[in-house]
Amino acid sequence: MLNTDTMGDTPHLLLVDDERSIREPLAQFLTRQGFRVTQAGDAEGARARMTAYAIDLVILDIMMPGEDGLSLTRHIRESGEIPVILLTARTEETDRIVGLEMGADDYVVKPFSPRELAARVKVILRRAAAGGVRQHAPESGSFAFAGWVLKSGERTLVDRDGVSVPLSTGEYNLLHALVTRPRQVLTRDQLLDLTQGREAAAFDRAIDNQVSRLRRKIEADPKAPDLIKTVWGGGYTLAAEVTRL
Amino acid sequence: MALLIAVALFLAQAINFCLLLQERRQARLDQATGPAVTRIVDADERIAAGKKIGGGGSWSRTRVLAASPIPAGAERLGDIEQALRAALTDAGVKVNRIETQVLPISPNDPRLRYVSQSRIERLLRAGAELVVAVQRPDGQWIALNIGWTRSDSTILWRLFAQTAILYGVVLVPLLWAGRRISRPLRRLATAARDFHPSTATEPIVESGPQDVRDVIVAFNALRLRVTAMLEEKDRMLGAIGHDLRTPLAALRVRIESVEDDTDRAKMADTIAEMNRTLDDILSLARLGRPSEPPTEVDLAALVDAVVEDFRDLGHSVGFEEADRLQVRLRPSPMRRALRNLIENALKYGKSAEVTLTATPREVVIAVCDRGPGIPADRLGDVFEAFTRLETSRNKETGGIGLGLALARAIVREAGGDIALENRDGGGLIARITLARH
């Protein structure tokens with residue numbers, strides 16, 4: 001098999017984009033970043049290469065002539081556990097939501113920073129390696145907890161009276177991480193990784209700040225929190241039943 | 001409109017009647033003075049010739065009296081007296097004084113015995129007699145009674161009756177015709193006022209007279225054309241956005257091969273700036289057809305979330321957390337509008353201060369900076385897309401005025417407005433005002 005000699009530590013990425021002007025320099029960049037990169041210009045080519053190689057991760061453009069990226073994502077998800085990162089040309093939220101619902105692990109919006117893409121690839125690969133199987137299931141939809149509903153599509157929190165409480169990106173990511181892992185203790189490092197895809201720096205107070213901001217928004221008494229509880233020894237947990245809607 | 005016509009009709013009627021009245025009065029004068037003069041002249045001649053006065057019917061007997069039969073404070077008819085004097089002077093009769101009095105005819109008047117019943121009724125209704133007394137130079141009075149049509153009051157009634165008939169004949173059809181025209185016109189006006197390209201509405205039903213129908217047909221066609229043009233504009237802007245984003249993405253990938261870190265960072269910034277402009281263009285294109293319905297939103301949390309996003313990126317944006325403030329709007333575009341205002345403030349003023357105030361009727365979000373401000377005469381211009389004020393704002397910081405134009409379009413779409421104002425002590429205040437429902 002072709003892939004036997006590359007089974008070592010070099011992750012094998014499949015880059016699918018019909019735009020040559022993006023695909024080729026991006027492939028070069030990712031190669032320089034230490035990945036092995038195989039390219040495909042359409043969904044058909046991508047399918048062929050996925051059967052030929054042991055692909056570790058697929059970077060996939062949504063807007064392609066012929067079979068589009070969303071349909072290919074569904075195919076990949078049905079046939080295995082290979083992580084998918086979507087490249088989306090639109091700022092429309094709907095595409096991303098559909099993409100995540102189809103089972104994509106992450107997305108970047110064009111024009112994206114190749115470095116950021118590389119960083120996300122690494123995070124997802126590390127997670128995949130740590131869990132053995134994909135542990136980061138598509139977490140889209142709505143989550144109900146303690147009278148609140150977190151709508152991941154619109155990135156809003158809705159109270160029991162139906163009033164939207166807009167969240168900042170950081171707050172949303174944090175709450176999303178907590179809501180998708182209720183009653184699990186999440187350390188600051190884990191939360192940073194889940195919310196920002198980065199390692200914690202020393203004295204990083206970002207998570208604590210965001211937790212206290214969130215508490216002011218959702219707790220009846222922010223001083224004595226009932227929902228987001230601090231766990232002795234460094235971490236937070238969501239102490240509430242979560243129902244997926 | 002109908003009132004105007006009613007007033008005009010009434011006025012015309014009144015003028016007509018004034019003229020008629022004048023003529024009638026003149027005729028009555030002539031009718032009264034003519035026989036009276038003849039009889040006075042006749043009586044005068046008889047007195048001069050020493051003949052006996054009298055004779056004729058008891059109805060209009062001419063009498064010679066020592067004193068005037070007319071009591072002192074009775075109502076006099078000046079115009080008749082004048083006409084009599086003039087006529088008598090013409091006839092060469094010298095008189096001292098002339099007195100007149102109108103007497104109603106009493107139903108018990110003995111003279112009525114000699115006239116027919118129908119005539120009595122007519123006389124009693126409208127008739128009166130005019131007593132004319134003329135003093136001769138020798139102090140004797142010649143007095144005589146003549147018939148007199150008394151009252152003008154019937155003529156007023158006739159004026160009203162005629163006007164009412166005119167109203168009936170003219171105004172009713174006029175009002176009917178007016179309604180037939182005005183109802184479709186009013187519908188047209190409402191449709192034109194409520195016309196919004198994003199909402200598909202039924203064409204207006206063609207009704208009314210032919211001219212009005214033509215206008216409605218033309219309006220329906222115009223509406224279709226406007227909608228089509230706006231859709232075309234949105235499609236074009238969308239196509240521009242998509243077509244530019246791909247090469248921009250390619251460029252963004254390629255600059256990673258630039259060795260110099262500073263250069264690369266600057267290129268990345270430029271690309272990011274271009275991308276933001278593209279986002280604005282696409283948002284502006286989508287604004288006419290919003291995909292998200294308005295919802296009840298906590299505006300305080302919305303402002304807080306936007307501000308927090310800026311703080312996360314290391315910008316200095318001040319905002320005091322405020323109490324919950326429930327407003328009905330589309331949160332995503334409003335976030336974008338506020339983001340654009342804060343971006344603008346940061347671009348020119350390095351830091352921004354955001355406040356949220358509410359009255360029972362409206363909500364005001366103010367974004368303040370300490371930048372150079374805007375010359376007072378150009379405060380309105382900056383909202384025009386692609387305006388940049390080189391005079392006061394640093395060219396290096398770049399950016400076209402699209403951000404503000406978009407912010408205003410969003411806020412107006414939400415039924416509010418944005419106003420800019422220079423700040424005491426330098427800087428600019430951008431105020432979003434939203435009505436509370």
# chains A, B, ... in the order shown; residues from 1 in each chain; ligands from 1
call {"tool": "select_by_dssp", "arguments": {"residues": "region 53-112 of chain A", "states": "strand (DSSP E)", "output": "list in words"}}
result
Leu57, Val58, Ile59, Leu60, Asp61, Val84, Ile85, Leu86, Leu87, Thr88, Asp106, Tyr107, Val108 and Val109 of chain A
call {"tool": "write_last_selection", "arguments": {"atoms": "N, CA and C atoms", "output": "PDB file, in the first residue's frame"}}
result
ATOM      1  N   LEU A  57      -6.985  13.749   7.919  1.00  0.00           N
ATOM      2  CA  LEU A  57      -7.904  14.883   8.068  1.00  0.00           C
ATOM      3  C   LEU A  57      -8.191  15.458   6.681  1.00  0.00           C
ATOM      4  N   VAL A  58      -9.442  15.899   6.484  1.00  0.00           N
ATOM      5  CA  VAL A  58      -9.815  16.469   5.189  1.00  0.00           C
ATOM      6  C   VAL A  58     -10.106  17.959   5.359  1.00  0.00           C
ATOM      7  N   ILE A  59      -9.489  18.769   4.503  1.00  0.00           N
ATOM      8  CA  ILE A  59      -9.815  20.206   4.451  1.00  0.00           C
ATOM      9  C   ILE A  59     -10.631  20.388   3.177  1.00  0.00           C
ATOM     10  N   LEU A  60     -11.850  20.908   3.349  1.00  0.00           N
ATOM     11  CA  LEU A  60     -12.829  20.787   2.283  1.00  0.00           C
ATOM     12  C   LEU A  60     -13.505  22.119   1.999  1.00  0.00           C
ATOM     13  N   ASP A  61     -13.485  22.505   0.734  1.00  0.00           N
ATOM     14  CA  ASP A  61     -14.194  23.721   0.322  1.00  0.00           C
ATOM     15  C   ASP A  61     -15.676  23.387   0.173  1.00  0.00           C
ATOM     16  N   VAL A  84     -13.034  16.533   9.565  1.00  0.00           N
ATOM     17  CA  VAL A  84     -13.224  17.421   8.417  1.00  0.00           C
ATOM     18  C   VAL A  84     -13.177  18.869   8.889  1.00  0.00           C
ATOM     19  N   ILE A  85     -12.396  19.684   8.180  1.00  0.00           N
ATOM     20  CA  ILE A  85     -12.458  21.139   8.387  1.00  0.00           C
ATOM     21  C   ILE A  85     -13.001  21.748   7.102  1.00  0.00           C
ATOM     22  N   LEU A  86     -14.041  22.581   7.245  1.00  0.00           N
ATOM     23  CA  LEU A  86     -14.657  23.182   6.064  1.00  0.00           C
ATOM     24  C   LEU A  86     -14.048  24.548   5.769  1.00  0.00           C
ATOM     25  N   LEU A  87     -13.860  24.808   4.479  1.00  0.00           N
ATOM     26  CA  LEU A  87     -13.510  26.159   4.039  1.00  0.00           C
ATOM     27  C   LEU A  87     -14.791  26.753   3.479  1.00  0.00           C
ATOM     28  N   THR A  88     -15.201  27.860   4.042  1.00  0.00           N
ATOM     29  CA  THR A  88     -16.438  28.427   3.499  1.00  0.00           C
ATOM     30  C   THR A  88     -16.191  29.813   2.956  1.00  0.00           C
ATOM     31  N   ASP A 106     -14.832  21.466  12.220  1.00  0.00           N
ATOM     32  CA  ASP A 106     -14.523  22.885  12.365  1.00  0.00           C
ATOM     33  C   ASP A 106     -14.681  23.539  10.997  1.00  0.00           C
ATOM     34  N   TYR A 107     -14.573  24.858  10.997  1.00  0.00           N
ATOM     35  CA  TYR A 107     -14.635  25.544   9.712  1.00  0.00           C
ATOM     36  C   TYR A 107     -13.765  26.786   9.789  1.00  0.00           C
ATOM     37  N   VAL A 108     -13.292  27.239   8.647  1.00  0.00           N
ATOM     38  CA  VAL A 108     -12.667  28.563   8.570  1.00  0.00           C
ATOM     39  C   VAL A 108     -13.328  29.300   7.424  1.00  0.00           C
ATOM     40  N   VAL A 109     -13.429  30.631   7.595  1.00  0.00           N
ATOM     41  CA  VAL A 109     -14.089  31.453   6.588  1.00  0.00           C
ATOM     42  C   VAL A 109     -13.030  32.109   5.719  1.00  0.00           C
TER      43      VAL A 109
END
call {"tool": "closest_atom_pairs", "arguments": {"of": "chain A", "to": "chain B", "cutoff": "10 Å", "atoms": "only C-alpha atoms", "output": "Markdown table"}}
result
| residue | atom | partner | partner_atom | distance |
| --- | --- | --- | --- | --- |
| A:Glu19 | CA | B:Thr246 | CA | 7.8 |
| A:Arg20 | CA | B:Ala250 | CA | 8.7 |
| A:Ser21 | CA | B:Ala250 | CA | 5.5 |
| A:Ile22 | CA | B:Ala250 | CA | 4.4 |
| A:Arg23 | CA | B:Ala250 | CA | 8.1 |
| A:Glu24 | CA | B:Ala250 | CA | 9.2 |
| A:Pro25 | CA | B:Arg254 | CA | 5.9 |
| A:Leu26 | CA | B:Val253 | CA | 5.9 |
| A:Ala27 | CA | B:Val253 | CA | 9.6 |
| A:Gln28 | CA | B:Ser257 | CA | 9.3 |
| A:Phe29 | CA | B:Glu256 | CA | 7.3 |
| A:Arg32 | CA | B:Ser257 | CA | 10.0 |
| A:Ala89 | CA | B:Arg245 | CA | 7.0 |
| A:Arg90 | CA | B:His242 | CA | 7.5 |
| A:Thr91 | CA | B:Asp279 | CA | 7.5 |
| A:Glu92 | CA | B:Ser283 | CA | 9.8 |
| A:Val109 | CA | B:Ala249 | CA | 9.2 |
| A:Lys110 | CA | B:Ala249 | CA | 5.5 |
| A:Pro111 | CA | B:Ala249 | CA | 3.9 |
| A:Phe112 | CA | B:Ala249 | CA | 6.5 |
| A:Ser113 | CA | B:Arg252 | CA | 6.6 |
| A:Pro114 | CA | B:Val253 | CA | 5.9 |
| A:Arg115 | CA | B:Glu256 | CA | 8.2 |
| A:Glu154 | CA | B:Ser332 | CA | 8.5 |
| A:Arg155 | CA | B:Ser332 | CA | 9.7 |
| A:Thr156 | CA | B:Pro331 | CA | 9.2 |
| A:Leu157 | CA | B:Val297 | CA | 9.9 |
| A:Val158 | CA | B:Val297 | CA | 8.7 |
| A:Asp159 | CA | B:Val297 | CA | 9.9 |
| A:Asp161 | CA | B:Glu296 | CA | 9.2 |
| A:Gly162 | CA | B:Glu296 | CA | 7.0 |
| A:Val163 | CA | B:Glu296 | CA | 4.8 |
| A:Ser164 | CA | B:Val297 | CA | 4.4 |
| A:Val165 | CA | B:Asp298 | CA | 5.3 |
| A:Pro166 | CA | B:Leu302 | CA | 4.8 |
| A:Leu167 | CA | B:Ala305 | CA | 5.0 |
| A:Ser168 | CA | B:Ala305 | CA | 4.1 |
| A:Thr169 | CA | B:Asp309 | CA | 6.4 |
| A:Gly170 | CA | B:Asp309 | CA | 7.3 |
| A:Glu171 | CA | B:Ala305 | CA | 8.2 |
| A:Tyr172 | CA | B:Ala305 | CA | 9.6 |
| A:Ala206 | CA | B:Asp312 | CA | 8.7 |
| A:Gln210 | CA | B:Glu308 | CA | 9.6 |
| A:Arg213 | CA | B:Glu308 | CA | 9.7 |
| A:Arg216 | CA | B:Glu321 | CA | 9.9 |
| A:Lys217 | CA | B:Ala301 | CA | 8.1 |
call {"tool": "write_last_selection", "arguments": {"atoms": "N, CA and C atoms", "output": "tab-separated table (two decimals), in the first residue's frame"}}
result
chain	number	residue	atom	x	y	z
A	19	GLU	N	-10.61	25.75	-6.46
A	19	GLU	CA	-9.83	26.94	-6.78
A	19	GLU	C	-8.35	26.62	-6.67
A	20	ARG	N	-7.73	26.50	-7.84
A	20	ARG	CA	-6.31	26.17	-7.86
A	20	ARG	C	-5.49	27.25	-7.17
A	21	SER	N	-5.92	28.50	-7.33
A	21	SER	CA	-5.14	29.63	-6.80
A	21	SER	C	-5.08	29.60	-5.28
A	22	ILE	N	-6.02	28.90	-4.66
A	22	ILE	CA	-5.99	28.76	-3.21
A	22	ILE	C	-5.33	27.43	-2.85
A	23	ARG	N	-5.74	26.39	-3.57
A	23	ARG	CA	-5.33	25.04	-3.20
A	23	ARG	C	-3.82	24.86	-3.23
A	24	GLU	N	-3.20	25.29	-4.33
A	24	GLU	CA	-1.78	25.00	-4.50
A	24	GLU	C	-0.88	25.71	-3.49
A	25	PRO	N	-1.05	27.04	-3.32
A	25	PRO	CA	-0.19	27.67	-2.30
A	25	PRO	C	-0.49	27.16	-0.89
A	26	LEU	N	-1.75	26.81	-0.65
A	26	LEU	CA	-2.10	26.31	0.68
A	26	LEU	C	-1.45	24.94	0.92
A	27	ALA	N	-1.45	24.13	-0.11
A	27	ALA	CA	-0.79	22.82	0.00
A	27	ALA	C	0.70	23.01	0.30
A	28	GLN	N	1.30	23.97	-0.39
A	28	GLN	CA	2.72	24.25	-0.15
A	28	GLN	C	2.94	24.68	1.29
A	29	PHE	N	2.08	25.58	1.73
A	29	PHE	CA	2.23	26.09	3.09
A	29	PHE	C	2.10	24.97	4.11
A	32	ARG	N	5.06	22.83	4.27
A	32	ARG	CA	6.15	23.45	5.04
A	32	ARG	C	5.89	23.34	6.54
A	89	ALA	N	-16.79	30.06	1.81
A	89	ALA	CA	-16.57	31.35	1.16
A	89	ALA	C	-17.62	32.35	1.63
A	90	ARG	N	-18.66	31.85	2.23
A	90	ARG	CA	-19.75	32.76	2.60
A	90	ARG	C	-19.65	33.15	4.06
A	91	THR	N	-20.16	34.30	4.34
A	91	THR	CA	-20.26	34.69	5.74
A	91	THR	C	-21.59	34.22	6.31
A	92	GLU	N	-22.42	33.70	5.42
A	92	GLU	CA	-23.72	33.23	5.89
A	92	GLU	C	-23.53	32.15	6.95
A	109	VAL	N	-13.43	30.63	7.60
A	109	VAL	CA	-14.09	31.45	6.59
A	109	VAL	C	-13.03	32.11	5.72
A	110	LYS	N	-13.23	32.01	4.43
A	110	LYS	CA	-12.31	32.67	3.49
A	110	LYS	C	-12.49	34.18	3.56
A	111	PRO	N	-11.47	35.00	3.48
A	111	PRO	CA	-10.06	34.59	3.44
A	111	PRO	C	-9.56	34.28	4.85
A	112	PHE	N	-8.90	33.16	5.01
A	112	PHE	CA	-8.45	32.73	6.34
A	112	PHE	C	-6.94	32.84	6.43
A	113	SER	N	-6.47	32.86	7.65
A	113	SER	CA	-5.03	32.84	7.85
A	113	SER	C	-4.57	31.38	7.80
A	114	PRO	N	-3.64	31.08	6.91
A	114	PRO	CA	-3.18	29.68	6.81
A	114	PRO	C	-2.60	29.19	8.14
A	115	ARG	N	-1.99	30.09	8.89
A	115	ARG	CA	-1.44	29.68	10.19
A	115	ARG	C	-2.54	29.23	11.13
A	154	GLU	N	-27.74	30.40	15.95
A	154	GLU	CA	-27.72	31.86	16.01
A	154	GLU	C	-26.75	32.39	17.05
A	155	ARG	N	-26.11	31.46	17.79
A	155	ARG	CA	-25.17	31.86	18.83
A	155	ARG	C	-25.83	32.78	19.84
A	156	THR	N	-27.07	32.44	20.21
A	156	THR	CA	-27.73	33.26	21.22
A	156	THR	C	-28.26	32.38	22.34
A	157	LEU	N	-28.46	33.05	23.44
A	157	LEU	CA	-29.03	32.43	24.61
A	157	LEU	C	-30.43	33.02	24.75
A	158	VAL	N	-31.42	32.15	24.98
A	158	VAL	CA	-32.79	32.64	25.09
A	158	VAL	C	-33.32	32.28	26.48
A	159	ASP	N	-33.92	33.25	27.16
A	159	ASP	CA	-34.41	32.97	28.51
A	159	ASP	C	-35.81	32.37	28.46
A	161	ASP	N	-38.61	33.53	29.00
A	161	ASP	CA	-39.65	34.36	28.41
A	161	ASP	C	-39.47	34.53	26.91
A	162	GLY	N	-38.45	33.88	26.35
A	162	GLY	CA	-38.23	34.00	24.91
A	162	GLY	C	-37.42	35.22	24.52
A	163	VAL	N	-36.80	35.90	25.48
A	163	VAL	CA	-35.98	37.07	25.17
A	163	VAL	C	-34.54	36.62	24.91
A	164	SER	N	-34.00	37.06	23.77
A	164	SER	CA	-32.62	36.71	23.42
A	164	SER	C	-31.64	37.51	24.27
A	165	VAL	N	-30.64	36.82	24.74
A	165	VAL	CA	-29.56	37.50	25.46
A	165	VAL	C	-28.29	37.25	24.65
A	166	PRO	N	-27.89	38.25	23.83
A	166	PRO	CA	-26.72	38.04	22.98
A	166	PRO	C	-25.46	37.79	23.82
A	167	LEU	N	-24.59	36.91	23.32
A	167	LEU	CA	-23.35	36.59	24.02
A	167	LEU	C	-22.17	37.01	23.16
A	168	SER	N	-21.07	37.36	23.81
A	168	SER	CA	-19.85	37.62	23.05
A	168	SER	C	-19.33	36.27	22.56
A	169	THR	N	-18.41	36.32	21.59
A	169	THR	CA	-17.89	35.08	21.03
A	169	THR	C	-17.28	34.22	22.12
A	170	GLY	N	-16.50	34.85	23.01
A	170	GLY	CA	-15.85	34.11	24.08
A	170	GLY	C	-16.86	33.47	25.02
A	171	GLU	N	-17.87	34.25	25.40
A	171	GLU	CA	-18.91	33.73	26.29
A	171	GLU	C	-19.65	32.56	25.64
A	172	TYR	N	-19.96	32.75	24.36
A	172	TYR	CA	-20.69	31.70	23.67
A	172	TYR	C	-19.87	30.42	23.63
A	206	ALA	N	-8.23	34.57	31.28
A	206	ALA	CA	-9.30	34.78	30.30
A	206	ALA	C	-10.54	33.94	30.64
A	210	GLN	N	-14.32	35.18	31.75
A	210	GLN	CA	-15.50	34.86	30.98
A	210	GLN	C	-16.53	34.10	31.83
A	213	ARG	N	-18.36	36.63	33.80
A	213	ARG	CA	-19.31	37.37	32.95
A	213	ARG	C	-20.56	36.53	32.67
A	216	ARG	N	-22.86	36.35	35.58
A	216	ARG	CA	-23.70	37.54	35.75
A	216	ARG	C	-24.91	37.48	34.82
A	217	LYS	N	-24.75	36.80	33.71
A	217	LYS	CA	-25.87	36.75	32.77
A	217	LYS	C	-26.88	35.66	33.10
call {"tool": "select_by_dssp", "arguments": {"residues": "region 51-178 of chain A", "states": "alpha helix (DSSP H)", "output": "PyMOL selection string"}}
result
chain A and resi 51-52+69-79+93-102+114-131+169-178
call {"tool": "write_last_selection", "arguments": {"atoms": "C-alpha atoms", "output": "mmCIF file, in the first residue's frame"}}
result
data_model
loop_
_atom_site.group_PDB
_atom_site.id
_atom_site.type_symbol
_atom_site.label_atom_id
_atom_site.label_comp_id
_atom_site.auth_asym_id
_atom_site.auth_seq_id
_atom_site.Cartn_x
_atom_site.Cartn_y
_atom_site.Cartn_z
ATOM 1 C CA THR A 51 -9.759 5.159 -0.847
ATOM 2 C CA ALA A 52 -6.161 5.247 -2.053
ATOM 3 C CA GLY A 69 -18.463 20.060 0.114
ATOM 4 C CA LEU A 70 -21.490 19.509 2.318
ATOM 5 C CA SER A 71 -22.515 16.382 0.476
ATOM 6 C CA LEU A 72 -18.935 15.102 0.585
ATOM 7 C CA THR A 73 -18.819 15.796 4.333
ATOM 8 C CA ARG A 74 -21.863 13.619 4.808
ATOM 9 C CA HIS A 75 -20.243 10.871 2.758
ATOM 10 C CA ILE A 76 -17.031 11.074 4.806
ATOM 11 C CA ARG A 77 -18.964 10.985 8.048
ATOM 12 C CA GLU A 78 -21.012 7.997 6.947
ATOM 13 C CA SER A 79 -17.948 6.034 5.942
ATOM 14 C CA GLU A 93 -24.147 31.331 9.092
ATOM 15 C CA THR A 94 -26.414 28.732 7.531
ATOM 16 C CA ASP A 95 -23.635 27.052 5.552
ATOM 17 C CA ARG A 96 -21.491 26.586 8.616
ATOM 18 C CA ILE A 97 -24.375 25.308 10.675
ATOM 19 C CA VAL A 98 -25.347 22.821 7.999
ATOM 20 C CA GLY A 99 -21.680 21.851 7.680
ATOM 21 C CA LEU A 100 -21.363 21.242 11.390
ATOM 22 C CA GLU A 101 -24.614 19.335 11.407
ATOM 23 C CA MET A 102 -23.316 17.150 8.599
ATOM 24 C CA PRO A 114 -3.179 29.683 6.815
ATOM 25 C CA ARG A 115 -1.436 29.681 10.185
ATOM 26 C CA GLU A 116 -4.751 29.622 11.966
ATOM 27 C CA LEU A 117 -5.889 26.783 9.742
ATOM 28 C CA ALA A 118 -2.699 24.856 10.548
ATOM 29 C CA ALA A 119 -3.275 25.473 14.265
ATOM 30 C CA ARG A 120 -6.822 24.148 14.043
ATOM 31 C CA VAL A 121 -5.658 21.108 12.098
ATOM 32 C CA LYS A 122 -3.203 20.370 14.897
ATOM 33 C CA VAL A 123 -5.831 20.765 17.620
ATOM 34 C CA ILE A 124 -8.232 18.420 15.876
ATOM 35 C CA LEU A 125 -5.543 15.859 15.131
ATOM 36 C CA ARG A 126 -4.407 15.961 18.738
ATOM 37 C CA ARG A 127 -7.946 15.466 19.955
ATOM 38 C CA ALA A 128 -8.446 12.598 17.532
ATOM 39 C CA ALA A 129 -5.187 11.021 18.712
ATOM 40 C CA ALA A 130 -6.083 11.479 22.377
ATOM 41 C CA GLY A 131 -9.544 9.973 22.063
ATOM 42 C CA THR A 169 -17.891 35.079 21.027
ATOM 43 C CA GLY A 170 -15.850 34.109 24.079
ATOM 44 C CA GLU A 171 -18.910 33.727 26.288
ATOM 45 C CA TYR A 172 -20.693 31.704 23.668
ATOM 46 C CA ASN A 173 -17.759 29.337 23.130
ATOM 47 C CA LEU A 174 -17.372 28.819 26.856
ATOM 48 C CA LEU A 175 -21.057 28.173 27.451
ATOM 49 C CA HIS A 176 -21.174 25.867 24.454
ATOM 50 C CA ALA A 177 -18.253 23.880 25.812
ATOM 51 C CA LEU A 178 -19.959 23.584 29.203
#
call {"tool": "residues_around", "arguments": {"residues": "Ser207 (chain B)", "least_positions_apart": "2", "cutoff": "12 Å", "atoms": "only C-alpha atoms", "output": "list in words"}}
result
Arg179, Arg180, Ile181, Ser182, Arg183, Pro184, Leu185, Arg186, Arg187, Leu188, Ile204, Val205, Pro209, Gln210, Asp211, Val212, Arg213, Asp214, Val215, Ile216 and Val217 of chain B
call {"tool": "atom_distance", "arguments": {"atom1": "CA of Pro375 (chain B)", "atom2": "CA of Arg276 (chain B)"}}
result
26.3 Å
call {"tool": "residues_around", "arguments": {"residues": "Gly425 (chain B)", "least_positions_apart": "3", "cutoff": "12 Å", "atoms": "only C-alpha atoms", "output": "ChimeraX atom specification"}}
result
/B:368-373,422,428-429
call {"tool": "atom_distance", "arguments": {"atom1": "CA of Gly426 (chain B)", "atom2": "CA of His315 (chain B)"}}
result
20.3 Å
call {"tool": "residues_around", "arguments": {"residues": "Asp226 (chain A)", "least_positions_apart": "2", "cutoff": "10 Å", "atoms": "only C-alpha atoms", "output": "short mmCIF file (atom, residue, chain, number, x, y, z; two decimals) with C-alpha atoms, in the first residue's frame"}}
result
data_model
loop_
_atom_site.label_atom_id
_atom_site.label_comp_id
_atom_site.auth_asym_id
_atom_site.auth_seq_id
_atom_site.Cartn_x
_atom_site.Cartn_y
_atom_site.Cartn_z
CA ALA A 146 -32.22 25.44 33.80
CA ARG A 215 -22.47 33.95 35.68
CA ILE A 218 -27.35 33.38 33.69
CA GLU A 219 -27.10 32.92 37.43
CA ALA A 220 -29.91 34.05 39.72
CA ASP A 221 -27.22 35.12 42.19
CA PRO A 222 -23.79 35.50 40.53
CA LYS A 223 -22.13 35.57 43.96
CA ALA A 224 -23.48 32.13 44.83
CA ILE A 228 -21.52 27.16 36.60
CA LYS A 229 -19.77 25.82 39.68
CA THR A 230 -16.12 26.23 40.52
CA LEU A 238 -22.14 22.95 34.57
CA ALA A 239 -24.41 21.70 37.34
CA ALA A 240 -27.62 21.35 35.37
#
call {"tool": "closest_residue", "arguments": {"among": "B:Tyr167, B:Phe219, B:Phe17, B:Trp141", "to": "Ser68 (chain B)", "atoms": "only C-alpha atoms"}}
result
B:Trp141
call {"tool": "closest_residue", "arguments": {"among": "A:Val37, A:Ala104, A:Met63, A:Leu227", "to": "Arg49 (chain A)", "atoms": "only C-alpha atoms"}}
result
A:Val37
call {"tool": "decode", "arguments": {"residues": "region 150-184 of chain B", "atoms": "C-alpha atoms", "output": "tab-separated table (two decimals), in the first residue's frame"}}
result
chain	number	residue	atom	x	y	z
B	150	ARG	CA	-94.28	93.81	2.87
B	151	SER	CA	-91.82	91.21	3.71
B	152	ASP	CA	-88.59	90.02	2.17
B	153	SER	CA	-88.44	87.10	4.54
B	154	THR	CA	-89.90	84.67	2.04
B	155	ILE	CA	-87.11	85.45	-0.30
B	156	LEU	CA	-84.59	84.19	2.27
B	157	TRP	CA	-86.49	80.95	2.53
B	158	ARG	CA	-86.42	80.68	-1.19
B	159	LEU	CA	-82.68	81.22	-1.15
B	160	PHE	CA	-82.24	78.34	1.27
B	161	ALA	CA	-84.61	76.10	-0.61
B	162	GLN	CA	-82.93	76.78	-3.91
B	163	THR	CA	-79.50	76.19	-2.44
B	164	ALA	CA	-80.64	72.94	-0.91
B	165	ILE	CA	-81.98	71.81	-4.28
B	166	LEU	CA	-78.72	72.79	-5.94
B	167	TYR	CA	-76.82	70.84	-3.35
B	168	GLY	CA	-78.94	67.84	-3.98
B	169	VAL	CA	-78.57	68.06	-7.71
B	170	VAL	CA	-74.90	69.01	-7.89
B	171	LEU	CA	-73.19	67.90	-4.73
B	172	VAL	CA	-74.52	64.37	-4.41
B	173	PRO	CA	-73.33	63.21	-7.84
B	174	LEU	CA	-70.15	65.18	-7.32
B	175	LEU	CA	-69.46	63.45	-4.04
B	176	TRP	CA	-70.24	60.10	-5.56
B	177	ALA	CA	-67.87	60.74	-8.46
B	178	GLY	CA	-65.25	62.06	-6.05
B	179	ARG	CA	-65.47	58.94	-3.95
B	180	ARG	CA	-65.13	56.78	-6.98
B	181	ILE	CA	-61.89	58.55	-7.82
B	182	SER	CA	-60.56	59.09	-4.35
B	183	ARG	CA	-60.98	55.59	-3.00
B	184	PRO	CA	-58.63	53.93	-5.51
